[in-house]
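Before any comments, here is the structure.
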Amino acid sequence: MVKKKITPIEQAAKIKAELDVLKEKAKILNAKPPKPKKTTKKAEEKPPKPRKLTKKELEEIKREEEKTLEEELEEQLTVNEIENFQIEKVDMERLTARVCDILAEKESDGMFQSELWKKLKLSSRDGSRLALKLERMGTITREKILEKGRWTYKLILKKTPISTQSIENAPCLVCPVEQRCSLEGEISPRSCQLIEDWVIAEMKKPLKIK
Ligand code: SF4
């Protein structure tokens with residue numbers, strides 16, 4: 001097949017067409033990107049900063065973080081519920097005497113309550129309620145202490161409660177004039193030789209610690 005000869009006019013037209021295409025392409029490439037939309041002042045506003053807590057609020061948060069089970073119980077229970085606390089099937093008088101015996105050994109150093117509850121096989125909740133009761137009775141004092149990152153209490157014996165054992169040999173129990181004996185009366189423990197002898201004898205006895 002014989003190739004058709006392109007005339008100069010046709011060649012010029014072809015070149016022009018190609019130039020037009022190139023110009024179009026250059027236009028597209030040089031075109032400026034669209035300007036980003038102006039944001040309104042409102043949209044630019046920063047998110048509100050969290051409110052700075054007051055000293056009182058910070059103290060309240062700290063207090064809540066450091067709150068012990070006993071402090072929570074004190075808030076939840078009435079004075080009556082604390083003072084009349086009983087553990088089911090447990091002789092509370094004997095339990096109290098046992099607590100006093102153990103704490104008496106520790107003297108003014110006291111003992112961590114968790115150790116004491118472990119020794120007495122008491123749950124933390126029962127132990128904590130017992131500690132509150134004994135404190136109300138004036139038997140122990142509680143010292144809040146930070147131990148291994150946790151707030152707890154050291155229990156210190158304040159006074160030993162009178163047990164029935166401590167008066168079992170008291171002369172008053174078999175005294176023939178007991179009915180007529182009173183503090184301000186003619187027959188009185190203030191002048192009773194029997195009671196004086198008994199008190200001296202009891203004081204000489206060694207302290208019984210189980
Ligand atoms: S104090 Fe003396 S007199 Fe009075 S009841 Fe006791 S033993 Fe008897």
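Identifiers in the structure tokens: chain A, B, ... in order shown; residue index from 1 per chain; ligand index from 1 in order shown.
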- request: May I ask you to write as a ChimeraX atom specification all residues lying at most 8 Å from ligand 1, with only C-alpha atoms and all ligand atoms counted?
  value: /A:170-182,187-195
Go ahead and dump the residues you just picked, C-alpha atoms, as a PDB file, in the first residue's frame.
```pdb
ATOM      1  CA  ALA A 170     -12.846 -10.664 146.290  1.00  0.00           C
ATOM      2  CA  PRO A 171     -13.894 -10.755 149.954  1.00  0.00           C
ATOM      3  CA  CYS A 172     -17.073  -8.793 149.169  1.00  0.00           C
ATOM      4  CA  LEU A 173     -18.554 -11.826 147.410  1.00  0.00           C
ATOM      5  CA  VAL A 174     -18.808 -13.732 150.693  1.00  0.00           C
ATOM      6  CA  CYS A 175     -18.892 -10.825 153.092  1.00  0.00           C
ATOM      7  CA  PRO A 176     -21.588 -11.175 155.821  1.00  0.00           C
ATOM      8  CA  VAL A 177     -21.945  -7.383 156.123  1.00  0.00           C
ATOM      9  CA  GLU A 178     -21.958  -6.639 152.392  1.00  0.00           C
ATOM     10  CA  GLN A 179     -25.585  -5.394 152.579  1.00  0.00           C
ATOM     11  CA  ARG A 180     -24.582  -2.696 155.038  1.00  0.00           C
ATOM     12  CA  CYS A 181     -21.393  -1.710 153.240  1.00  0.00           C
ATOM     13  CA  SER A 182     -21.297   1.536 151.243  1.00  0.00           C
ATOM     14  CA  ILE A 187     -18.922  -0.077 157.032  1.00  0.00           C
ATOM     15  CA  SER A 188     -17.057   0.967 153.934  1.00  0.00           C
ATOM     16  CA  PRO A 189     -14.428  -0.353 151.512  1.00  0.00           C
ATOM     17  CA  ARG A 190     -12.454   2.786 152.422  1.00  0.00           C
ATOM     18  CA  SER A 191     -11.793   1.364 155.885  1.00  0.00           C
ATOM     19  CA  CYS A 192     -12.143  -2.374 155.171  1.00  0.00           C
ATOM     20  CA  GLN A 193      -9.034  -4.358 156.079  1.00  0.00           C
ATOM     21  CA  LEU A 194     -10.302  -7.402 154.115  1.00  0.00           C
ATOM     22  CA  ILE A 195     -10.510  -5.482 150.836  1.00  0.00           C
TER      23      ILE A 195
END
```
- prompt: Neighbours of segment 85-98 of chain A within 7 Å (only C-alpha atoms; same-chain residues fewer than 4 positions away dropped), as a PyMOL selection string?
  reply: chain A and resi 81+102+133
Selected residues, C-alpha atoms, written as a short mmCIF file (atom, residue, chain, number, x, y, z; two decimals), in the first residue's frame, please.
```cif
data_model
loop_
_atom_site.label_atom_id
_atom_site.label_comp_id
_atom_site.auth_asym_id
_atom_site.auth_seq_id
_atom_site.Cartn_x
_atom_site.Cartn_y
_atom_site.Cartn_z
CA GLU A 81 -24.46 -0.02 116.10
CA ILE A 102 -2.37 -9.73 123.18
CA LYS A 133 -16.22 -0.64 119.54
#
```
field: Nearest to Gln113 of chain A, chosen from A:Ile140, A:Ala131, A:Ala31, A:Val199, with only C-alpha atoms counted in the distances
entry: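 Using only C-alpha atoms, the shortest distance to Gln113 of chain A belongs to A:Ala131.
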message: Just to confirm, what's the straight-line distance from atom CA of Asn30 of chain A to atom CA of Ala12 of chain A in Å (one decimal)?
response: 26.5 Å
- prompt: Excluding same-chain residues fewer than 3 positions from Lys158 of chain A, what lies within 9 Å of it counting only C-alpha atoms, as a VMD selection string?
  reply: chain A and resid 108 135 138 to 141
Residue list (strand (DSSP E), DSSP) for segment 115-162 of chain A, as a VMD selection string: chain A and resid 140 to 147 150 to 157
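As for atom CA of Phe112 of chain A and atom CA of Ser124 of chain A, they are spaced 12.0 Å apart.
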message: Using only C-alpha atoms for the distances, tell me which of A:Leu116, A:Ala104, A:Leu58, A:Leu132 is nearest to Thr78 of chain A.
response: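 Smallest separation from Thr78 of chain A among the options: A:Leu132.
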query: atom CA of Glu65 of chain A to atom CA of Arg150 of chain A: how many Å, to one decimal?
result: 10.2 Å
query: Pick from A:Leu77, A:Ile28, A:Asn169, A:Asp126: nearest to Asp197 of chain A, with only C-alpha atoms counted?
result: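 Ranked by minimum distance to Asp197 of chain A, first place goes to A:Asn169.
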As a PDB file with N, CA and C atoms, in the first residue's frame, please: all residues of segment 41-200 of chain A that backbone DSSP puts in helix (DSSP H, G or I).
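As a result, part36.pdb now contains:
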```pdb
ATOM      1  N   LYS A  41     -14.166  32.093  63.170  1.00  0.00           N
ATOM      2  CA  LYS A  41     -13.495  32.319  64.461  1.00  0.00           C
ATOM      3  C   LYS A  41     -13.991  31.304  65.493  1.00  0.00           C
ATOM      4  N   LYS A  42     -15.276  30.983  65.369  1.00  0.00           N
ATOM      5  CA  LYS A  42     -15.890  30.080  66.343  1.00  0.00           C
ATOM      6  C   LYS A  42     -15.260  28.690  66.247  1.00  0.00           C
ATOM      7  N   ALA A  43     -15.036  28.256  64.921  1.00  0.00           N
ATOM      8  CA  ALA A  43     -14.476  26.921  64.709  1.00  0.00           C
ATOM      9  C   ALA A  43     -13.048  26.837  65.203  1.00  0.00           C
ATOM     10  N   GLU A  44     -12.339  28.015  65.180  1.00  0.00           N
ATOM     11  CA  GLU A  44     -10.938  28.025  65.623  1.00  0.00           C
ATOM     12  C   GLU A  44     -10.808  27.979  67.140  1.00  0.00           C
ATOM     13  N   LYS A  55      -8.500  24.355  96.488  1.00  0.00           N
ATOM     14  CA  LYS A  55      -7.717  23.681  97.543  1.00  0.00           C
ATOM     15  C   LYS A  55      -8.632  22.737  98.346  1.00  0.00           C
ATOM     16  N   LYS A  56      -9.843  23.218  98.584  1.00  0.00           N
ATOM     17  CA  LYS A  56     -10.803  22.437  99.374  1.00  0.00           C
ATOM     18  C   LYS A  56     -11.175  21.144  98.633  1.00  0.00           C
ATOM     19  N   GLU A  57     -11.392  21.287  97.295  1.00  0.00           N
ATOM     20  CA  GLU A  57     -11.756  20.115  96.489  1.00  0.00           C
ATOM     21  C   GLU A  57     -10.603  19.113  96.429  1.00  0.00           C
ATOM     22  N   LEU A  58      -9.356  19.641  96.310  1.00  0.00           N
ATOM     23  CA  LEU A  58      -8.175  18.756  96.277  1.00  0.00           C
ATOM     24  C   LEU A  58      -8.030  18.006  97.596  1.00  0.00           C
ATOM     25  N   GLU A  59      -8.281  18.724  98.684  1.00  0.00           N
ATOM     26  CA  GLU A  59      -8.185  18.094 100.018  1.00  0.00           C
ATOM     27  C   GLU A  59      -9.236  17.005 100.158  1.00  0.00           C
ATOM     28  N   GLU A  60     -10.422  17.276  99.607  1.00  0.00           N
ATOM     29  CA  GLU A  60     -11.532  16.303  99.679  1.00  0.00           C
ATOM     30  C   GLU A  60     -11.167  15.038  98.894  1.00  0.00           C
ATOM     31  N   ILE A  61     -10.559  15.204  97.693  1.00  0.00           N
ATOM     32  CA  ILE A  61     -10.154  14.057  96.866  1.00  0.00           C
ATOM     33  C   ILE A  61      -9.098  13.242  97.623  1.00  0.00           C
ATOM     34  N   LYS A  62      -8.129  13.942  98.244  1.00  0.00           N
ATOM     35  CA  LYS A  62      -7.055  13.268  98.983  1.00  0.00           C
ATOM     36  C   LYS A  62      -7.656  12.477 100.147  1.00  0.00           C
ATOM     37  N   ARG A  63      -8.615  13.097 100.833  1.00  0.00           N
ATOM     38  CA  ARG A  63      -9.261  12.440 101.978  1.00  0.00           C
ATOM     39  C   ARG A  63      -9.978  11.175 101.536  1.00  0.00           C
ATOM     40  N   GLU A  64     -10.656  11.263 100.378  1.00  0.00           N
ATOM     41  CA  GLU A  64     -11.390  10.099  99.860  1.00  0.00           C
ATOM     42  C   GLU A  64     -10.427   8.961  99.510  1.00  0.00           C
ATOM     43  N   GLU A  65      -9.263   9.341  98.923  1.00  0.00           N
ATOM     44  CA  GLU A  65      -8.269   8.334  98.524  1.00  0.00           C
ATOM     45  C   GLU A  65      -7.663   7.641  99.736  1.00  0.00           C
ATOM     46  N   LEU A  69     -11.276   1.480 105.772  1.00  0.00           N
ATOM     47  CA  LEU A  69     -12.538   0.751 105.963  1.00  0.00           C
ATOM     48  C   LEU A  69     -13.230   1.244 107.242  1.00  0.00           C
ATOM     49  N   GLU A  70     -12.416   1.516 108.275  1.00  0.00           N
ATOM     50  CA  GLU A  70     -12.974   1.970 109.551  1.00  0.00           C
ATOM     51  C   GLU A  70     -13.675   3.328 109.390  1.00  0.00           C
ATOM     52  N   GLU A  71     -13.052   4.216 108.600  1.00  0.00           N
ATOM     53  CA  GLU A  71     -13.657   5.540 108.402  1.00  0.00           C
ATOM     54  C   GLU A  71     -14.969   5.413 107.627  1.00  0.00           C
ATOM     55  N   GLU A  72     -14.984   4.479 106.676  1.00  0.00           N
ATOM     56  CA  GLU A  72     -16.232   4.253 105.927  1.00  0.00           C
ATOM     57  C   GLU A  72     -17.298   3.699 106.866  1.00  0.00           C
ATOM     58  N   LEU A  73     -16.887   2.753 107.734  1.00  0.00           N
ATOM     59  CA  LEU A  73     -17.848   2.170 108.675  1.00  0.00           C
ATOM     60  C   LEU A  73     -18.380   3.219 109.642  1.00  0.00           C
ATOM     61  N   GLU A  74     -17.487   4.100 110.079  1.00  0.00           N
ATOM     62  CA  GLU A  74     -17.913   5.160 111.009  1.00  0.00           C
ATOM     63  C   GLU A  74     -18.962   6.060 110.383  1.00  0.00           C
ATOM     64  N   GLU A  75     -18.850   6.224 109.051  1.00  0.00           N
ATOM     65  CA  GLU A  75     -19.840   7.060 108.348  1.00  0.00           C
ATOM     66  C   GLU A  75     -21.161   6.314 108.194  1.00  0.00           C
ATOM     67  N   GLN A  76     -21.046   4.984 107.992  1.00  0.00           N
ATOM     68  CA  GLN A  76     -22.249   4.191 107.714  1.00  0.00           C
ATOM     69  C   GLN A  76     -23.023   3.795 108.976  1.00  0.00           C
ATOM     70  N   VAL A  79     -23.868   5.308 116.293  1.00  0.00           N
ATOM     71  CA  VAL A  79     -23.092   5.104 117.535  1.00  0.00           C
ATOM     72  C   VAL A  79     -23.567   3.827 118.218  1.00  0.00           C
ATOM     73  N   ASN A  80     -24.881   3.616 118.202  1.00  0.00           N
ATOM     74  CA  ASN A  80     -25.474   2.430 118.817  1.00  0.00           C
ATOM     75  C   ASN A  80     -24.984   1.140 118.163  1.00  0.00           C
ATOM     76  N   GLU A  81     -24.911   1.177 116.834  1.00  0.00           N
ATOM     77  CA  GLU A  81     -24.462  -0.017 116.099  1.00  0.00           C
ATOM     78  C   GLU A  81     -22.984  -0.310 116.375  1.00  0.00           C
ATOM     79  N   ILE A  82     -22.210   0.740 116.588  1.00  0.00           N
ATOM     80  CA  ILE A  82     -20.775   0.535 116.891  1.00  0.00           C
ATOM     81  C   ILE A  82     -20.629  -0.017 118.312  1.00  0.00           C
ATOM     82  N   GLU A  83     -21.315   0.629 119.256  1.00  0.00           N
ATOM     83  CA  GLU A  83     -21.140   0.236 120.655  1.00  0.00           C
ATOM     84  C   GLU A  83     -21.727  -1.138 120.970  1.00  0.00           C
ATOM     85  N   MET A  92     -18.285 -12.126 123.206  1.00  0.00           N
ATOM     86  CA  MET A  92     -17.582 -10.861 122.981  1.00  0.00           C
ATOM     87  C   MET A  92     -16.709 -10.464 124.179  1.00  0.00           C
ATOM     88  N   GLU A  93     -17.150 -10.885 125.395  1.00  0.00           N
ATOM     89  CA  GLU A  93     -16.358 -10.540 126.586  1.00  0.00           C
ATOM     90  C   GLU A  93     -15.013 -11.265 126.540  1.00  0.00           C
ATOM     91  N   ARG A  94     -15.080 -12.531 126.150  1.00  0.00           N
ATOM     92  CA  ARG A  94     -13.842 -13.327 126.071  1.00  0.00           C
ATOM     93  C   ARG A  94     -12.947 -12.823 124.947  1.00  0.00           C
ATOM     94  N   LEU A  95     -13.601 -12.450 123.831  1.00  0.00           N
ATOM     95  CA  LEU A  95     -12.831 -11.933 122.684  1.00  0.00           C
ATOM     96  C   LEU A  95     -12.113 -10.640 123.070  1.00  0.00           C
ATOM     97  N   THR A  96     -12.836  -9.773 123.789  1.00  0.00           N
ATOM     98  CA  THR A  96     -12.235  -8.505 124.233  1.00  0.00           C
ATOM     99  C   THR A  96     -11.063  -8.770 125.174  1.00  0.00           C
ATOM    100  N   ALA A  97     -11.249  -9.731 126.082  1.00  0.00           N
ATOM    101  CA  ALA A  97     -10.176 -10.060 127.028  1.00  0.00           C
ATOM    102  C   ALA A  97      -8.947 -10.578 126.277  1.00  0.00           C
ATOM    103  N   ARG A  98      -9.198 -11.344 125.222  1.00  0.00           N
ATOM    104  CA  ARG A  98      -8.094 -11.902 124.415  1.00  0.00           C
ATOM    105  C   ARG A  98      -7.337 -10.768 123.688  1.00  0.00           C
ATOM    106  N   VAL A  99      -8.124  -9.829 123.145  1.00  0.00           N
ATOM    107  CA  VAL A  99      -7.504  -8.672 122.473  1.00  0.00           C
ATOM    108  C   VAL A  99      -6.615  -7.927 123.474  1.00  0.00           C
ATOM    109  N   CYS A 100      -7.152  -7.730 124.674  1.00  0.00           N
ATOM    110  CA  CYS A 100      -6.396  -6.989 125.695  1.00  0.00           C
ATOM    111  C   CYS A 100      -5.131  -7.742 126.091  1.00  0.00           C
ATOM    112  N   ASP A 101      -5.234  -9.061 126.226  1.00  0.00           N
ATOM    113  CA  ASP A 101      -4.049  -9.864 126.588  1.00  0.00           C
ATOM    114  C   ASP A 101      -2.950  -9.707 125.547  1.00  0.00           C
ATOM    115  N   ILE A 102      -3.365  -9.811 124.266  1.00  0.00           N
ATOM    116  CA  ILE A 102      -2.366  -9.727 123.183  1.00  0.00           C
ATOM    117  C   ILE A 102      -1.754  -8.323 123.132  1.00  0.00           C
ATOM    118  N   LEU A 103      -2.615  -7.307 123.233  1.00  0.00           N
ATOM    119  CA  LEU A 103      -2.104  -5.928 123.153  1.00  0.00           C
ATOM    120  C   LEU A 103      -1.277  -5.560 124.380  1.00  0.00           C
ATOM    121  N   ALA A 104      -1.596  -6.180 125.524  1.00  0.00           N
ATOM    122  CA  ALA A 104      -0.835  -5.886 126.750  1.00  0.00           C
ATOM    123  C   ALA A 104       0.620  -6.319 126.567  1.00  0.00           C
ATOM    124  N   GLU A 105       0.821  -7.405 125.837  1.00  0.00           N
ATOM    125  CA  GLU A 105       2.187  -7.895 125.584  1.00  0.00           C
ATOM    126  C   GLU A 105       2.987  -6.883 124.769  1.00  0.00           C
ATOM    127  N   LYS A 106       2.291  -6.164 123.879  1.00  0.00           N
ATOM    128  CA  LYS A 106       2.976  -5.205 122.986  1.00  0.00           C
ATOM    129  C   LYS A 106       3.209  -3.855 123.651  1.00  0.00           C
ATOM    130  N   GLU A 107       2.622  -3.691 124.827  1.00  0.00           N
ATOM    131  CA  GLU A 107       2.729  -2.439 125.588  1.00  0.00           C
ATOM    132  C   GLU A 107       2.450  -1.214 124.710  1.00  0.00           C
ATOM    133  N   SER A 108       3.273  -0.149 124.847  1.00  0.00           N
ATOM    134  CA  SER A 108       2.952   1.088 124.114  1.00  0.00           C
ATOM    135  C   SER A 108       3.300   1.012 122.624  1.00  0.00           C
ATOM    136  N   ASP A 109       3.984  -0.059 122.191  1.00  0.00           N
ATOM    137  CA  ASP A 109       4.302  -0.201 120.755  1.00  0.00           C
ATOM    138  C   ASP A 109       3.042  -0.499 119.960  1.00  0.00           C
ATOM    139  N   GLN A 113      -3.411  -3.813 113.263  1.00  0.00           N
ATOM    140  CA  GLN A 113      -4.685  -4.513 113.422  1.00  0.00           C
ATOM    141  C   GLN A 113      -4.787  -5.755 112.531  1.00  0.00           C
ATOM    142  N   SER A 114      -4.185  -5.703 111.339  1.00  0.00           N
ATOM    143  CA  SER A 114      -4.271  -6.863 110.443  1.00  0.00           C
ATOM    144  C   SER A 114      -3.614  -8.099 111.082  1.00  0.00           C
ATOM    145  N   GLU A 115      -2.497  -7.869 111.815  1.00  0.00           N
ATOM    146  CA  GLU A 115      -1.826  -8.986 112.510  1.00  0.00           C
ATOM    147  C   GLU A 115      -2.733  -9.550 113.600  1.00  0.00           C
ATOM    148  N   LEU A 116      -3.377  -8.632 114.307  1.00  0.00           N
ATOM    149  CA  LEU A 116      -4.250  -9.051 115.413  1.00  0.00           C
ATOM    150  C   LEU A 116      -5.444  -9.847 114.893  1.00  0.00           C
ATOM    151  N   TRP A 117      -6.063  -9.359 113.809  1.00  0.00           N
ATOM    152  CA  TRP A 117      -7.235 -10.077 113.271  1.00  0.00           C
ATOM    153  C   TRP A 117      -6.825 -11.457 112.767  1.00  0.00           C
ATOM    154  N   LYS A 118      -5.610 -11.555 112.241  1.00  0.00           N
ATOM    155  CA  LYS A 118      -5.105 -12.834 111.740  1.00  0.00           C
ATOM    156  C   LYS A 118      -4.961 -13.813 112.911  1.00  0.00           C
ATOM    157  N   LYS A 119      -4.406 -13.298 113.989  1.00  0.00           N
ATOM    158  CA  LYS A 119      -4.195 -14.111 115.194  1.00  0.00           C
ATOM    159  C   LYS A 119      -5.525 -14.587 115.782  1.00  0.00           C
ATOM    160  N   SER A 124     -11.571  -8.897 108.201  1.00  0.00           N
ATOM    161  CA  SER A 124     -11.206  -7.472 108.328  1.00  0.00           C
ATOM    162  C   SER A 124     -12.406  -6.644 108.780  1.00  0.00           C
ATOM    163  N   ARG A 125     -13.579  -6.981 108.241  1.00  0.00           N
ATOM    164  CA  ARG A 125     -14.774  -6.199 108.572  1.00  0.00           C
ATOM    165  C   ARG A 125     -15.152  -6.357 110.044  1.00  0.00           C
ATOM    166  N   ASP A 126     -15.145  -7.614 110.528  1.00  0.00           N
ATOM    167  CA  ASP A 126     -15.467  -7.845 111.947  1.00  0.00           C
ATOM    168  C   ASP A 126     -14.406  -7.198 112.831  1.00  0.00           C
ATOM    169  N   GLY A 127     -13.136  -7.373 112.428  1.00  0.00           N
ATOM    170  CA  GLY A 127     -12.040  -6.793 113.200  1.00  0.00           C
ATOM    171  C   GLY A 127     -12.152  -5.279 113.282  1.00  0.00           C
ATOM    172  N   SER A 128     -12.453  -4.670 112.147  1.00  0.00           N
ATOM    173  CA  SER A 128     -12.566  -3.208 112.114  1.00  0.00           C
ATOM    174  C   SER A 128     -13.708  -2.725 113.006  1.00  0.00           C
ATOM    175  N   ARG A 129     -14.814  -3.456 112.971  1.00  0.00           N
ATOM    176  CA  ARG A 129     -15.959  -3.053 113.819  1.00  0.00           C
ATOM    177  C   ARG A 129     -15.624  -3.249 115.296  1.00  0.00           C
ATOM    178  N   LEU A 130     -14.871  -4.318 115.582  1.00  0.00           N
ATOM    179  CA  LEU A 130     -14.463  -4.559 116.973  1.00  0.00           C
ATOM    180  C   LEU A 130     -13.532  -3.439 117.447  1.00  0.00           C
ATOM    181  N   ALA A 131     -12.606  -3.036 116.561  1.00  0.00           N
ATOM    182  CA  ALA A 131     -11.666  -1.956 116.924  1.00  0.00           C
ATOM    183  C   ALA A 131     -12.435  -0.666 117.237  1.00  0.00           C
ATOM    184  N   LEU A 132     -13.451  -0.382 116.408  1.00  0.00           N
ATOM    185  CA  LEU A 132     -14.245   0.835 116.645  1.00  0.00           C
ATOM    186  C   LEU A 132     -14.959   0.746 117.991  1.00  0.00           C
ATOM    187  N   LYS A 133     -15.489  -0.449 118.277  1.00  0.00           N
ATOM    188  CA  LYS A 133     -16.219  -0.640 119.536  1.00  0.00           C
ATOM    189  C   LYS A 133     -15.268  -0.470 120.729  1.00  0.00           C
ATOM    190  N   LEU A 134     -14.091  -1.105 120.649  1.00  0.00           N
ATOM    191  CA  LEU A 134     -13.143  -1.037 121.765  1.00  0.00           C
ATOM    192  C   LEU A 134     -12.624   0.388 121.975  1.00  0.00           C
ATOM    193  N   GLU A 135     -12.519   1.128 120.874  1.00  0.00           N
ATOM    194  CA  GLU A 135     -12.084   2.519 121.005  1.00  0.00           C
ATOM    195  C   GLU A 135     -13.165   3.339 121.717  1.00  0.00           C
ATOM    196  N   ARG A 136     -14.430   3.093 121.314  1.00  0.00           N
ATOM    197  CA  ARG A 136     -15.540   3.810 121.968  1.00  0.00           C
ATOM    198  C   ARG A 136     -15.611   3.484 123.460  1.00  0.00           C
ATOM    199  N   THR A 164     -14.461 -11.115 135.076  1.00  0.00           N
ATOM    200  CA  THR A 164     -15.032 -11.777 136.255  1.00  0.00           C
ATOM    201  C   THR A 164     -13.930 -12.521 137.011  1.00  0.00           C
ATOM    202  N   GLN A 165     -12.912 -12.973 136.252  1.00  0.00           N
ATOM    203  CA  GLN A 165     -11.791 -13.694 136.854  1.00  0.00           C
ATOM    204  C   GLN A 165     -11.041 -12.813 137.864  1.00  0.00           C
ATOM    205  N   SER A 166     -10.998 -11.512 137.537  1.00  0.00           N
ATOM    206  CA  SER A 166     -10.226 -10.617 138.397  1.00  0.00           C
ATOM    207  C   SER A 166     -10.890 -10.377 139.758  1.00  0.00           C
ATOM    208  N   ILE A 167     -12.176 -10.679 139.885  1.00  0.00           N
ATOM    209  CA  ILE A 167     -12.831 -10.440 141.190  1.00  0.00           C
ATOM    210  C   ILE A 167     -13.294 -11.745 141.845  1.00  0.00           C
ATOM    211  N   PRO A 171     -13.220 -10.434 148.684  1.00  0.00           N
ATOM    212  CA  PRO A 171     -13.894 -10.755 149.954  1.00  0.00           C
ATOM    213  C   PRO A 171     -15.351 -10.312 149.987  1.00  0.00           C
ATOM    214  N   CYS A 172     -15.694  -9.308 149.173  1.00  0.00           N
ATOM    215  CA  CYS A 172     -17.073  -8.793 149.169  1.00  0.00           C
ATOM    216  C   CYS A 172     -18.081  -9.865 148.744  1.00  0.00           C
ATOM    217  N   LEU A 173     -17.624 -10.810 147.932  1.00  0.00           N
ATOM    218  CA  LEU A 173     -18.554 -11.826 147.410  1.00  0.00           C
ATOM    219  C   LEU A 173     -19.104 -12.736 148.510  1.00  0.00           C
ATOM    220  N   VAL A 174     -18.339 -12.865 149.582  1.00  0.00           N
ATOM    221  CA  VAL A 174     -18.808 -13.732 150.693  1.00  0.00           C
ATOM    222  C   VAL A 174     -18.895 -12.958 152.007  1.00  0.00           C
ATOM    223  N   GLU A 178     -21.957  -7.284 153.713  1.00  0.00           N
ATOM    224  CA  GLU A 178     -21.958  -6.639 152.392  1.00  0.00           C
ATOM    225  C   GLU A 178     -23.180  -5.729 152.186  1.00  0.00           C
ATOM    226  N   GLN A 179     -24.339  -6.164 152.727  1.00  0.00           N
ATOM    227  CA  GLN A 179     -25.585  -5.394 152.579  1.00  0.00           C
ATOM    228  C   GLN A 179     -25.483  -4.022 153.245  1.00  0.00           C
ATOM    229  N   ARG A 180     -24.683  -3.961 154.275  1.00  0.00           N
ATOM    230  CA  ARG A 180     -24.582  -2.696 155.038  1.00  0.00           C
ATOM    231  C   ARG A 180     -23.360  -1.868 154.638  1.00  0.00           C
ATOM    232  N   GLN A 193     -10.343  -3.701 156.096  1.00  0.00           N
ATOM    233  CA  GLN A 193      -9.034  -4.358 156.079  1.00  0.00           C
ATOM    234  C   GLN A 193      -9.035  -5.526 155.090  1.00  0.00           C
ATOM    235  N   LEU A 194     -10.205  -6.234 155.014  1.00  0.00           N
ATOM    236  CA  LEU A 194     -10.302  -7.402 154.115  1.00  0.00           C
ATOM    237  C   LEU A 194     -10.031  -7.002 152.657  1.00  0.00           C
ATOM    238  N   ILE A 195     -10.674  -5.906 152.247  1.00  0.00           N
ATOM    239  CA  ILE A 195     -10.510  -5.482 150.836  1.00  0.00           C
ATOM    240  C   ILE A 195      -9.084  -4.975 150.587  1.00  0.00           C
ATOM    241  N   GLU A 196      -8.513  -4.326 151.589  1.00  0.00           N
ATOM    242  CA  GLU A 196      -7.142  -3.824 151.446  1.00  0.00           C
ATOM    243  C   GLU A 196      -6.170  -4.996 151.271  1.00  0.00           C
ATOM    244  N   ASP A 197      -6.353  -6.021 152.114  1.00  0.00           N
ATOM    245  CA  ASP A 197      -5.473  -7.199 152.036  1.00  0.00           C
ATOM    246  C   ASP A 197      -5.609  -7.884 150.670  1.00  0.00           C
ATOM    247  N   TRP A 198      -6.880  -7.953 150.211  1.00  0.00           N
ATOM    248  CA  TRP A 198      -7.129  -8.633 148.916  1.00  0.00           C
ATOM    249  C   TRP A 198      -6.466  -7.875 147.749  1.00  0.00           C
ATOM    250  N   VAL A 199      -6.609  -6.541 147.763  1.00  0.00           N
ATOM    251  CA  VAL A 199      -6.021  -5.729 146.681  1.00  0.00           C
ATOM    252  C   VAL A 199      -4.495  -5.892 146.668  1.00  0.00           C
ATOM    253  N   ILE A 200      -3.877  -5.859 147.867  1.00  0.00           N
ATOM    254  CA  ILE A 200      -2.409  -5.996 147.948  1.00  0.00           C
ATOM    255  C   ILE A 200      -1.989  -7.374 147.419  1.00  0.00           C
TER     256      ILE A 200
END
```
